[in-house]
file input_23.txt (compact mmCIF, C-alpha atoms)
# COMPACT_ATOMS: atom_id res chain seq x y z
CA MET B 1 100.79 79.97 71.75
CA PHE B 2 103.22 77.09 72.30
CA ILE B 3 106.73 77.46 73.60
CA ALA B 4 109.03 75.62 71.20
CA LYS B 5 110.39 72.26 72.30
CA THR B 6 108.57 71.85 75.59
CA ASP B 7 107.16 68.42 76.35
CA TYR B 8 103.66 69.87 76.00
CA THR B 9 104.40 71.34 72.56
CA LEU B 10 106.03 68.19 71.25
CA ASN B 11 103.13 66.06 72.47
CA LYS B 12 100.43 68.45 71.22
CA LYS B 13 101.92 68.88 67.73
CA ASN B 14 102.28 65.15 67.14
CA LYS B 15 98.63 64.11 66.68
CA ASP B 16 99.30 60.40 66.03
CA ALA B 17 101.73 59.73 68.86
CA ILE B 18 102.25 60.37 72.55
CA VAL B 19 105.61 61.90 73.36
CA CYS B 20 107.16 60.49 76.52
CA LYS B 21 110.37 61.59 78.16
CA THR B 22 112.49 58.84 79.70
CA ALA B 23 114.32 59.16 83.01
CA VAL B 24 117.56 60.01 81.18
CA GLY B 25 115.87 62.75 79.08
CA ASN B 26 115.40 60.92 75.78
CA TYR B 27 112.06 61.07 73.99
CA VAL B 28 110.02 58.00 73.06
CA LEU B 29 107.03 58.05 70.72
CA LEU B 30 104.08 55.81 71.54
CA LYS B 31 102.24 55.56 68.22
CA ARG B 32 98.58 54.93 67.59
CA GLU B 33 99.32 51.38 66.40
CA ASP B 34 101.02 50.59 69.72
CA PHE B 35 97.60 50.65 71.42
CA ALA B 36 94.88 47.98 71.38
CA SER B 37 92.30 50.41 69.92
CA ASP B 38 91.87 53.96 68.68
CA ASP B 39 89.67 54.70 71.71
CA GLU B 40 92.43 53.63 74.09
CA PHE B 41 94.98 55.75 72.21
CA GLU B 42 92.67 58.80 72.26
CA LYS B 43 92.07 58.37 75.99
CA TRP B 44 95.79 58.28 76.78
CA LYS B 45 96.58 61.05 74.26
CA ALA B 46 94.02 63.36 75.92
CA TRP B 47 95.40 62.48 79.34
CA SER B 48 99.01 63.16 78.30
CA ASP B 49 98.09 66.48 76.66
CA GLU B 50 96.28 67.58 79.82
CA ASP B 51 99.07 66.38 82.11
CA TYR B 52 101.77 68.18 80.10
CA HIS B 53 99.59 71.29 79.95
CA ILE B 54 99.14 71.37 83.75
CA GLU B 55 102.88 70.86 84.24
CA GLU B 56 103.76 73.64 81.79
CA ASN B 57 101.33 76.10 83.44
CA ALA B 58 102.76 75.31 86.88
CA THR B 59 106.28 75.90 85.56
CA ARG B 60 105.25 79.23 84.02
CA ARG B 61 103.62 80.40 87.27
CA THR B 62 106.70 79.43 89.25
CA ASN B 63 109.03 81.15 86.79
CA ARG B 64 106.94 84.35 86.87
CA LYS B 65 107.03 84.41 90.67
CA ASN B 66 110.77 83.78 90.75
CA VAL B 67 111.45 86.58 88.29
CA MET B 68 109.23 89.01 90.16
CA LEU B 69 110.85 88.15 93.49
CA SER B 70 114.38 88.51 92.13
CA GLU B 71 113.48 91.82 90.47
CA LYS B 72 112.01 93.05 93.72
CA LEU B 73 115.11 92.04 95.64
CA ASP B 74 117.41 93.63 93.09
CA ASN B 75 115.42 96.86 92.82
CA GLU B 76 114.42 97.48 96.42
CA ILE B 77 116.61 95.82 99.00
CA SER B 78 119.98 96.30 97.34
CA CYS B 79 119.25 100.01 96.77
CA LEU B 80 118.33 100.88 100.35
CA SER B 81 120.95 102.40 102.60
CA ALA B 82 121.16 101.66 106.32
CA GLU B 83 119.49 105.01 107.03
CA GLU B 84 116.62 104.24 104.66
CA LEU B 85 116.09 100.82 106.24
CA LEU B 86 116.03 102.42 109.70
CA CYS B 87 113.53 105.06 108.55
CA GLU B 88 111.28 102.37 107.09
CA LYS B 89 111.34 100.48 110.39
CA LEU B 90 110.54 103.64 112.33
CA ASP B 91 107.72 104.54 109.91
CA GLY B 92 106.29 101.07 110.45
CA LEU B 93 106.45 101.48 114.23
CA GLU B 94 104.82 104.91 113.95
CA ARG B 95 101.99 103.43 111.89
CA ILE B 96 101.49 100.69 114.48
CA ASP B 97 101.42 103.34 117.21
CA ASN B 98 98.80 105.33 115.25
CA VAL B 99 96.65 102.23 114.79
CA CYS B 100 96.83 101.60 118.55
CA ARG B 101 95.77 105.20 119.24
CA ILE B 102 92.87 104.88 116.81
CA LYS B 103 91.88 101.60 118.40
CA ASP B 104 91.83 103.31 121.80
CA LEU B 105 89.42 105.93 120.41
CA LEU B 106 86.84 103.39 119.33
CA THR B 107 84.68 100.93 121.12
CA GLU B 108 85.54 97.29 120.57
CA THR B 109 82.45 96.90 118.36
CA GLN B 110 83.27 99.96 116.27
CA TYR B 111 86.86 98.83 115.77
CA ARG B 112 85.84 95.27 114.83
CA ARG B 113 83.19 96.43 112.35
CA LEU B 114 85.47 99.07 110.83
CA TRP B 115 88.24 96.48 110.49
CA LEU B 116 85.95 93.95 108.84
CA TYR B 117 84.57 96.56 106.48
CA GLY B 118 87.65 98.64 105.68
CA VAL B 119 90.48 96.12 105.86
CA LYS B 120 88.89 92.76 105.19
CA GLY B 121 86.46 94.16 102.60
CA ILE B 122 83.36 92.48 104.04
CA SER B 123 80.13 94.24 103.13
CA MET B 124 77.95 95.85 105.80
CA PRO B 125 75.03 93.45 105.19
CA LYS B 126 77.37 90.48 105.60
CA ILE B 127 78.83 91.93 108.84
CA ALA B 128 75.28 92.47 110.08
CA LYS B 129 74.40 88.87 109.24
CA LEU B 130 77.55 87.56 110.99
CA GLU B 131 76.79 89.55 114.14
CA GLY B 132 73.02 89.01 114.08
CA VAL B 133 72.17 92.71 113.94
CA SER B 134 70.61 95.03 111.37
CA THR B 135 72.60 96.57 108.53
CA SER B 136 71.68 100.06 109.75
CA CYS B 137 73.21 99.21 113.14
CA VAL B 138 76.49 98.23 111.47
CA SER B 139 76.35 101.27 109.20
CA SER B 140 75.85 103.73 112.04
CA SER B 141 78.63 102.04 114.06
CA ILE B 142 81.09 102.38 111.16
CA TYR B 143 79.94 105.95 110.49
CA GLY B 144 80.52 106.84 114.16
CA ALA B 145 83.97 105.25 114.09
CA ARG B 146 84.94 107.20 110.99
CA LYS B 147 83.65 110.41 112.53
CA LYS B 148 85.80 109.87 115.66
CA ILE B 149 88.89 109.13 113.57
CA LYS B 150 88.29 112.13 111.31
CA LYS B 151 87.94 114.42 114.34
CA ARG B 152 91.19 113.08 115.82
CA LEU B 153 93.02 113.50 112.50
CA ILE B 154 91.94 117.12 112.36
CA GLU B 155 93.32 117.59 115.90
CA PHE B 156 96.64 115.99 114.86
CA THR B 157 97.05 118.29 111.87
CA LYS B 158 96.49 121.51 113.86
call {"tool": "encode", "arguments": {"input": "input_23.txt", "output": "structure tokens"}}
result
Amino acid sequence: MFIAKTDYTLNKKNKDAIVCKTAVGNYVLLKREDFASDDEFEKWKAWSDEDYHIEENATRRTNRKNVMLSEKLDNEISCLSAEELLCEKLDGLERIDNVCRIKDLLTETQYRRLWLYGVKGISMPKIAKLEGVSTSCVSSSIYGARKKIKKRLIEFTK
């Protein structure tokens, strides 16, 4: 559960002292008897445990993100040739072009509702509530938009 020798671990394992790190990196122990009362010690011990715990979790999250980003860079970007990069750019432009064509097929309302539902993941009742219309109105609008897109896709594949 604990990572050996982190500030959090050292502080948590030592029940009768608070482990503090000085500015130069040395550790100082504040013992129970250094405090005016047991209640005051317990208050500061709980605070230090929580503070070290938050700091350790933040460090872990940052380290996980850094590792994932470096792995992604190593695995994807360094392996792509100039031709592959160009193809990816062209595929992206083609997708944008297709989205524009689809948008031209639909009414503004159909496109907005389909976008909210399909891309943003907002439920039909919530879209209806946002727009002040019935859920069946939103449903039929999205159904009509899908029908238009499906028909156009069938035309493209012929």
call {"tool": "atom_distance", "arguments": {"input": "input_23.txt", "atom1": "atom CA of B:Ser134", "atom2": "atom CA of B:Cys100"}}
result
28.0 Å
call {"tool": "closest_residue", "arguments": {"input": "input_23.txt", "among": "B:Glu33, B:Asp38, B:Asp49, B:Glu88", "to": "B:Leu10", "atoms": "all atoms listed in the file"}}
result
B:Asp49
call {"tool": "residues_near_point", "arguments": {"input": "input_23.txt", "point": "(104.6, 64.5, 81.2)", "cutoff": "12 Å", "atoms": "all atoms listed in the file", "output": "JSON, numbers by chain"}}
result
{"B": [6, 7, 8, 9, 10, 11, 12, 18, 19, 20, 21, 22, 23, 25, 27, 28, 44, 45, 46, 47, 48, 49, 50, 51, 52, 53, 54, 55, 56]}
call {"tool": "write_last_selection", "arguments": {"input": "input_23.txt", "atoms": "C-alpha atoms", "output": "PDB file, keeping the file's coordinate frame"}}
result
ATOM      1  CA  THR B   6     108.570  71.850  75.590  1.00  0.00           C
ATOM      2  CA  ASP B   7     107.160  68.420  76.350  1.00  0.00           C
ATOM      3  CA  TYR B   8     103.660  69.870  76.000  1.00  0.00           C
ATOM      4  CA  THR B   9     104.400  71.340  72.560  1.00  0.00           C
ATOM      5  CA  LEU B  10     106.030  68.190  71.250  1.00  0.00           C
ATOM      6  CA  ASN B  11     103.130  66.060  72.470  1.00  0.00           C
ATOM      7  CA  LYS B  12     100.430  68.450  71.220  1.00  0.00           C
ATOM      8  CA  ILE B  18     102.250  60.370  72.550  1.00  0.00           C
ATOM      9  CA  VAL B  19     105.610  61.900  73.360  1.00  0.00           C
ATOM     10  CA  CYS B  20     107.160  60.490  76.520  1.00  0.00           C
ATOM     11  CA  LYS B  21     110.370  61.590  78.160  1.00  0.00           C
ATOM     12  CA  THR B  22     112.490  58.840  79.700  1.00  0.00           C
ATOM     13  CA  ALA B  23     114.320  59.160  83.010  1.00  0.00           C
ATOM     14  CA  GLY B  25     115.870  62.750  79.080  1.00  0.00           C
ATOM     15  CA  TYR B  27     112.060  61.070  73.990  1.00  0.00           C
ATOM     16  CA  VAL B  28     110.020  58.000  73.060  1.00  0.00           C
ATOM     17  CA  TRP B  44      95.790  58.280  76.780  1.00  0.00           C
ATOM     18  CA  LYS B  45      96.580  61.050  74.260  1.00  0.00           C
ATOM     19  CA  ALA B  46      94.020  63.360  75.920  1.00  0.00           C
ATOM     20  CA  TRP B  47      95.400  62.480  79.340  1.00  0.00           C
ATOM     21  CA  SER B  48      99.010  63.160  78.300  1.00  0.00           C
ATOM     22  CA  ASP B  49      98.090  66.480  76.660  1.00  0.00           C
ATOM     23  CA  GLU B  50      96.280  67.580  79.820  1.00  0.00           C
ATOM     24  CA  ASP B  51      99.070  66.380  82.110  1.00  0.00           C
ATOM     25  CA  TYR B  52     101.770  68.180  80.100  1.00  0.00           C
ATOM     26  CA  HIS B  53      99.590  71.290  79.950  1.00  0.00           C
ATOM     27  CA  ILE B  54      99.140  71.370  83.750  1.00  0.00           C
ATOM     28  CA  GLU B  55     102.880  70.860  84.240  1.00  0.00           C
ATOM     29  CA  GLU B  56     103.760  73.640  81.790  1.00  0.00           C
TER      30      GLU B  56
END
call {"tool": "atom_distance", "arguments": {"input": "input_23.txt", "atom1": "atom CA of B:Arg152", "atom2": "atom CA of B:Ile122"}}
result
25.0 Å
call {"tool": "atom_distance", "arguments": {"input": "input_23.txt", "atom1": "atom CA of B:Lys148", "atom2": "atom CA of B:Leu105"}}
result
7.2 Å
